[in-house]
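Text of run15.txt, listed as compact mmCIF, N, CA and C atoms:
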# COMPACT_ATOMS: atom_id res chain seq x y z
N MET A 1 10.62 11.17 -4.50
CA MET A 1 9.31 10.55 -4.59
C MET A 1 8.44 11.09 -3.45
N ARG A 2 7.20 11.37 -3.81
CA ARG A 2 6.23 11.73 -2.77
C ARG A 2 5.02 10.81 -2.92
N ILE A 3 4.39 10.53 -1.80
CA ILE A 3 3.22 9.66 -1.81
C ILE A 3 2.03 10.45 -1.31
N GLU A 4 0.94 10.36 -2.06
CA GLU A 4 -0.29 11.04 -1.69
C GLU A 4 -1.39 10.00 -1.47
N HIS A 5 -2.25 10.31 -0.50
CA HIS A 5 -3.38 9.43 -0.20
C HIS A 5 -4.62 9.99 -0.89
N ASP A 6 -5.14 9.23 -1.81
CA ASP A 6 -6.39 9.57 -2.49
C ASP A 6 -7.49 8.77 -1.79
N GLN A 7 -8.00 9.34 -0.70
CA GLN A 7 -8.98 8.61 0.11
C GLN A 7 -10.25 8.32 -0.67
N ASP A 8 -10.72 9.26 -1.45
CA ASP A 8 -11.94 9.03 -2.22
C ASP A 8 -11.75 7.90 -3.23
N GLY A 9 -10.56 7.79 -3.79
CA GLY A 9 -10.27 6.74 -4.76
C GLY A 9 -9.78 5.45 -4.13
N GLY A 10 -9.54 5.45 -2.81
CA GLY A 10 -9.08 4.25 -2.13
C GLY A 10 -7.71 3.80 -2.60
N ARG A 11 -6.76 4.75 -2.62
CA ARG A 11 -5.42 4.38 -3.08
C ARG A 11 -4.38 5.36 -2.56
N PHE A 12 -3.16 4.87 -2.50
CA PHE A 12 -1.99 5.69 -2.28
C PHE A 12 -1.24 5.73 -3.60
N VAL A 13 -0.79 6.91 -3.99
CA VAL A 13 -0.14 7.10 -5.27
C VAL A 13 1.25 7.69 -5.07
N ALA A 14 2.24 7.10 -5.74
CA ALA A 14 3.61 7.61 -5.70
C ALA A 14 3.85 8.48 -6.92
N PHE A 15 4.41 9.66 -6.68
CA PHE A 15 4.73 10.59 -7.75
C PHE A 15 6.22 10.89 -7.76
N GLY A 16 6.77 11.01 -8.94
CA GLY A 16 8.14 11.44 -9.13
C GLY A 16 8.16 12.66 -10.02
N ASP A 17 9.32 13.04 -10.47
CA ASP A 17 9.46 14.22 -11.33
C ASP A 17 8.68 14.07 -12.63
N ASP A 18 8.52 12.82 -13.10
CA ASP A 18 7.84 12.55 -14.37
C ASP A 18 6.36 12.26 -14.21
N GLY A 19 5.82 12.39 -13.01
CA GLY A 19 4.41 12.10 -12.79
C GLY A 19 4.20 10.86 -11.95
N GLU A 20 3.10 10.18 -12.19
CA GLU A 20 2.71 9.02 -11.39
C GLU A 20 3.66 7.84 -11.64
N MET A 21 4.15 7.28 -10.54
CA MET A 21 5.07 6.15 -10.60
C MET A 21 4.36 4.82 -10.33
N GLY A 22 3.36 4.86 -9.46
CA GLY A 22 2.66 3.63 -9.11
C GLY A 22 1.59 3.90 -8.08
N GLU A 23 0.86 2.84 -7.74
CA GLU A 23 -0.22 2.97 -6.76
C GLU A 23 -0.44 1.66 -6.03
N ILE A 24 -1.03 1.80 -4.85
CA ILE A 24 -1.56 0.65 -4.13
C ILE A 24 -3.01 0.98 -3.82
N ALA A 25 -3.90 0.11 -4.23
CA ALA A 25 -5.34 0.34 -4.08
C ALA A 25 -5.88 -0.51 -2.94
N TYR A 26 -6.90 0.03 -2.28
CA TYR A 26 -7.54 -0.70 -1.19
C TYR A 26 -9.02 -0.36 -1.16
N SER A 27 -9.77 -1.22 -0.51
CA SER A 27 -11.17 -0.92 -0.22
C SER A 27 -11.38 -1.20 1.26
N GLN A 28 -12.38 -0.54 1.82
CA GLN A 28 -12.70 -0.76 3.23
C GLN A 28 -13.89 -1.69 3.31
N ARG A 29 -13.67 -2.83 3.94
CA ARG A 29 -14.73 -3.83 4.09
C ARG A 29 -14.63 -4.44 5.48
N GLU A 30 -15.77 -4.62 6.09
CA GLU A 30 -15.85 -5.31 7.38
C GLU A 30 -14.88 -4.72 8.39
N GLY A 31 -14.65 -3.42 8.33
CA GLY A 31 -13.77 -2.75 9.29
C GLY A 31 -12.29 -2.87 9.00
N ASP A 32 -11.93 -3.53 7.90
CA ASP A 32 -10.54 -3.72 7.52
C ASP A 32 -10.24 -3.00 6.21
N LEU A 33 -8.96 -2.89 5.90
CA LEU A 33 -8.51 -2.37 4.61
C LEU A 33 -8.10 -3.55 3.75
N TRP A 34 -8.75 -3.75 2.65
CA TRP A 34 -8.43 -4.86 1.75
C TRP A 34 -7.52 -4.33 0.66
N ALA A 35 -6.25 -4.72 0.70
CA ALA A 35 -5.27 -4.30 -0.31
C ALA A 35 -5.52 -5.12 -1.57
N THR A 36 -6.08 -4.46 -2.59
CA THR A 36 -6.56 -5.19 -3.75
C THR A 36 -5.62 -5.19 -4.95
N HIS A 37 -4.71 -4.21 -5.00
CA HIS A 37 -3.92 -4.08 -6.21
C HIS A 37 -2.70 -3.20 -5.95
N THR A 38 -1.56 -3.62 -6.46
CA THR A 38 -0.36 -2.78 -6.45
C THR A 38 0.19 -2.75 -7.86
N HIS A 39 0.48 -1.56 -8.35
CA HIS A 39 1.05 -1.43 -9.68
C HIS A 39 2.14 -0.37 -9.67
N VAL A 40 3.27 -0.70 -10.27
CA VAL A 40 4.37 0.25 -10.44
C VAL A 40 4.71 0.27 -11.93
N ASP A 41 4.82 1.47 -12.48
CA ASP A 41 5.21 1.64 -13.88
C ASP A 41 6.54 0.92 -14.12
N ASN A 42 6.67 0.27 -15.26
CA ASN A 42 7.87 -0.50 -15.58
C ASN A 42 9.16 0.29 -15.40
N ARG A 43 9.11 1.59 -15.66
CA ARG A 43 10.32 2.41 -15.53
C ARG A 43 10.84 2.50 -14.10
N TYR A 44 9.96 2.23 -13.13
CA TYR A 44 10.34 2.42 -11.72
C TYR A 44 10.40 1.12 -10.93
N ARG A 45 10.18 0.00 -11.59
CA ARG A 45 10.24 -1.28 -10.88
C ARG A 45 11.67 -1.53 -10.40
N GLY A 46 11.76 -2.13 -9.23
CA GLY A 46 13.07 -2.42 -8.66
C GLY A 46 13.69 -1.25 -7.91
N HIS A 47 12.91 -0.19 -7.72
CA HIS A 47 13.42 0.98 -7.00
C HIS A 47 12.72 1.20 -5.66
N GLY A 48 11.99 0.21 -5.19
CA GLY A 48 11.37 0.30 -3.87
C GLY A 48 10.05 1.07 -3.82
N VAL A 49 9.50 1.38 -4.97
CA VAL A 49 8.25 2.16 -5.01
C VAL A 49 7.11 1.39 -4.36
N ALA A 50 6.95 0.13 -4.71
CA ALA A 50 5.85 -0.67 -4.15
C ALA A 50 5.97 -0.80 -2.64
N THR A 51 7.18 -0.96 -2.15
CA THR A 51 7.39 -1.06 -0.70
C THR A 51 7.02 0.25 -0.01
N GLU A 52 7.40 1.36 -0.60
CA GLU A 52 7.04 2.67 -0.03
C GLU A 52 5.52 2.84 0.01
N LEU A 53 4.85 2.39 -1.03
CA LEU A 53 3.40 2.47 -1.07
C LEU A 53 2.77 1.59 0.01
N LEU A 54 3.28 0.38 0.16
CA LEU A 54 2.77 -0.51 1.20
C LEU A 54 3.03 0.08 2.58
N ASP A 55 4.19 0.67 2.77
CA ASP A 55 4.49 1.31 4.06
C ASP A 55 3.49 2.43 4.37
N ALA A 56 3.13 3.20 3.35
CA ALA A 56 2.14 4.27 3.54
C ALA A 56 0.79 3.69 3.93
N LEU A 57 0.39 2.60 3.27
CA LEU A 57 -0.87 1.95 3.62
C LEU A 57 -0.81 1.39 5.04
N ALA A 58 0.30 0.78 5.40
CA ALA A 58 0.45 0.22 6.75
C ALA A 58 0.41 1.32 7.81
N ASP A 59 1.06 2.44 7.55
CA ASP A 59 1.01 3.56 8.50
C ASP A 59 -0.41 4.08 8.67
N TYR A 60 -1.13 4.16 7.57
CA TYR A 60 -2.54 4.58 7.62
C TYR A 60 -3.36 3.58 8.45
N ALA A 61 -3.15 2.30 8.22
CA ALA A 61 -3.87 1.28 8.98
C ALA A 61 -3.57 1.41 10.47
N ARG A 62 -2.33 1.66 10.81
CA ARG A 62 -1.97 1.83 12.23
C ARG A 62 -2.69 3.03 12.83
N ARG A 63 -2.68 4.15 12.13
CA ARG A 63 -3.35 5.36 12.64
C ARG A 63 -4.85 5.14 12.82
N GLU A 64 -5.44 4.40 11.90
CA GLU A 64 -6.88 4.16 11.92
C GLU A 64 -7.27 2.93 12.74
N ARG A 65 -6.27 2.25 13.28
CA ARG A 65 -6.49 1.02 14.06
C ARG A 65 -7.27 -0.03 13.26
N LYS A 66 -6.76 -0.27 12.04
CA LYS A 66 -7.37 -1.24 11.15
C LYS A 66 -6.34 -2.29 10.75
N LYS A 67 -6.81 -3.39 10.26
CA LYS A 67 -5.97 -4.46 9.73
C LYS A 67 -6.02 -4.42 8.21
N ILE A 68 -4.99 -4.98 7.59
CA ILE A 68 -4.93 -5.06 6.13
C ILE A 68 -5.13 -6.51 5.71
N VAL A 69 -6.09 -6.74 4.85
CA VAL A 69 -6.33 -8.06 4.27
C VAL A 69 -5.59 -8.07 2.93
N PRO A 70 -4.60 -8.96 2.78
CA PRO A 70 -3.75 -8.95 1.58
C PRO A 70 -4.35 -9.72 0.40
N ILE A 71 -5.23 -9.09 -0.34
CA ILE A 71 -5.78 -9.69 -1.55
C ILE A 71 -4.72 -9.67 -2.65
N CYS A 72 -3.97 -8.59 -2.72
CA CYS A 72 -2.90 -8.39 -3.70
C CYS A 72 -1.73 -9.33 -3.39
N SER A 73 -1.20 -9.98 -4.41
CA SER A 73 -0.10 -10.94 -4.20
C SER A 73 1.17 -10.26 -3.69
N PHE A 74 1.45 -9.02 -4.10
CA PHE A 74 2.63 -8.32 -3.59
C PHE A 74 2.51 -8.11 -2.08
N VAL A 75 1.35 -7.64 -1.64
CA VAL A 75 1.14 -7.39 -0.21
C VAL A 75 1.23 -8.69 0.58
N ALA A 76 0.61 -9.75 0.08
CA ALA A 76 0.68 -11.04 0.76
C ALA A 76 2.12 -11.51 0.88
N GLY A 77 2.90 -11.36 -0.17
CA GLY A 77 4.29 -11.76 -0.14
C GLY A 77 5.11 -10.96 0.84
N GLU A 78 4.88 -9.65 0.89
CA GLU A 78 5.62 -8.80 1.84
C GLU A 78 5.24 -9.12 3.28
N PHE A 79 3.98 -9.41 3.53
CA PHE A 79 3.56 -9.79 4.87
C PHE A 79 4.26 -11.06 5.31
N GLU A 80 4.40 -12.00 4.39
CA GLU A 80 5.07 -13.26 4.71
C GLU A 80 6.57 -13.06 4.88
N ARG A 81 7.19 -12.23 4.03
CA ARG A 81 8.64 -12.00 4.09
C ARG A 81 9.08 -11.20 5.30
N ASP A 82 8.25 -10.28 5.76
CA ASP A 82 8.67 -9.37 6.82
C ASP A 82 7.60 -9.22 7.90
N PRO A 83 7.35 -10.30 8.66
CA PRO A 83 6.30 -10.24 9.67
C PRO A 83 6.61 -9.25 10.80
N ARG A 84 7.87 -8.95 11.05
CA ARG A 84 8.18 -7.96 12.09
C ARG A 84 7.70 -6.57 11.68
N LYS A 85 7.84 -6.26 10.42
CA LYS A 85 7.46 -4.94 9.93
C LYS A 85 5.96 -4.77 9.80
N TYR A 86 5.27 -5.83 9.39
CA TYR A 86 3.84 -5.72 9.07
C TYR A 86 2.92 -6.56 9.96
N GLY A 87 3.47 -7.32 10.87
CA GLY A 87 2.66 -8.23 11.67
C GLY A 87 1.54 -7.56 12.45
N ASP A 88 1.76 -6.33 12.86
CA ASP A 88 0.75 -5.63 13.65
C ASP A 88 -0.46 -5.20 12.83
N VAL A 89 -0.32 -5.12 11.52
CA VAL A 89 -1.44 -4.70 10.67
C VAL A 89 -1.96 -5.81 9.77
N ALA A 90 -1.29 -6.93 9.72
CA ALA A 90 -1.69 -8.04 8.83
C ALA A 90 -2.89 -8.79 9.39
N ARG A 91 -3.81 -9.10 8.52
CA ARG A 91 -4.97 -9.93 8.91
C ARG A 91 -4.76 -11.29 8.26
Before anything else, please render the file you have as structure tokens.
Amino acid sequence: MRIEHDQDGGRFVAFGDDGEMGEIAYSQREGDLWATHTHVDNRYRGHGVATELLDALADYARRERKKIVPICSFVAGEFERDPRKYGDVAR
């Protein structure tokens, strides 16, 4: 799996041998990254794709010194489940 950042589209996209596996979308508002949507194709659910996408977004937020506002229920749940991993970027 490889993850690409589509900055113009405001998303990180996971690709596998068969093409696009999933995405995490965000928008930039008020100086923060608002995680608005996470989607993983049914064929790849349960394989950690969404977590890899969130990790890519979190790494980007760290580099840019921004916080992530969890509008997406997956992101909100991960922030609650693993505050050690995401506490530094969670708003």
task: Write out as a list of chain:residue names which residues come within 12 Å of Lys85 in chain A when counting only C-alpha atoms, dropping same-chain ones fewer than 2 positions away.
output: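 Those residues are A:Thr51, A:Leu54, A:Asp55, A:Ala58, A:Asp59, A:Arg62, A:Glu78, A:Phe79, A:Glu80, A:Arg81, A:Asp82, A:Pro83, A:Gly87, A:Asp88, A:Val89, A:Ala90.
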- request: Considering only C-alpha atoms, return as a ChimeraX atom specification whatever protein or nucleic-acid residues lie within 9 Å of Ala25 in chain A, sequence-local ones (same chain, fewer than 6 positions apart) excluded.
  value: /A:9-13,34-39
message: Can you measure CA of Arg91 in chain A to CA of Tyr60 in chain A for me? One decimal in Å is fine.
response: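 Atom-to-atom, CA of Arg91 in chain A and CA of Tyr60 in chain A are spaced 14.8 Å apart.
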message: Please compute the CA of Ile68 in chain A-CA of Leu33 in chain A distance, one decimal, in Å.
response: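 CA of Ile68 in chain A sits 4.7 Å away from CA of Leu33 in chain A.
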message: Considering only C-alpha atoms, can you say which of A:Met21, A:Glu64, A:Gly16, A:Asp6 comes closest to Asn42 in chain A?
response: A:Met21
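Atom C of Leu57 in chain A is found 17.4 Å from atom C of Phe15 in chain A.
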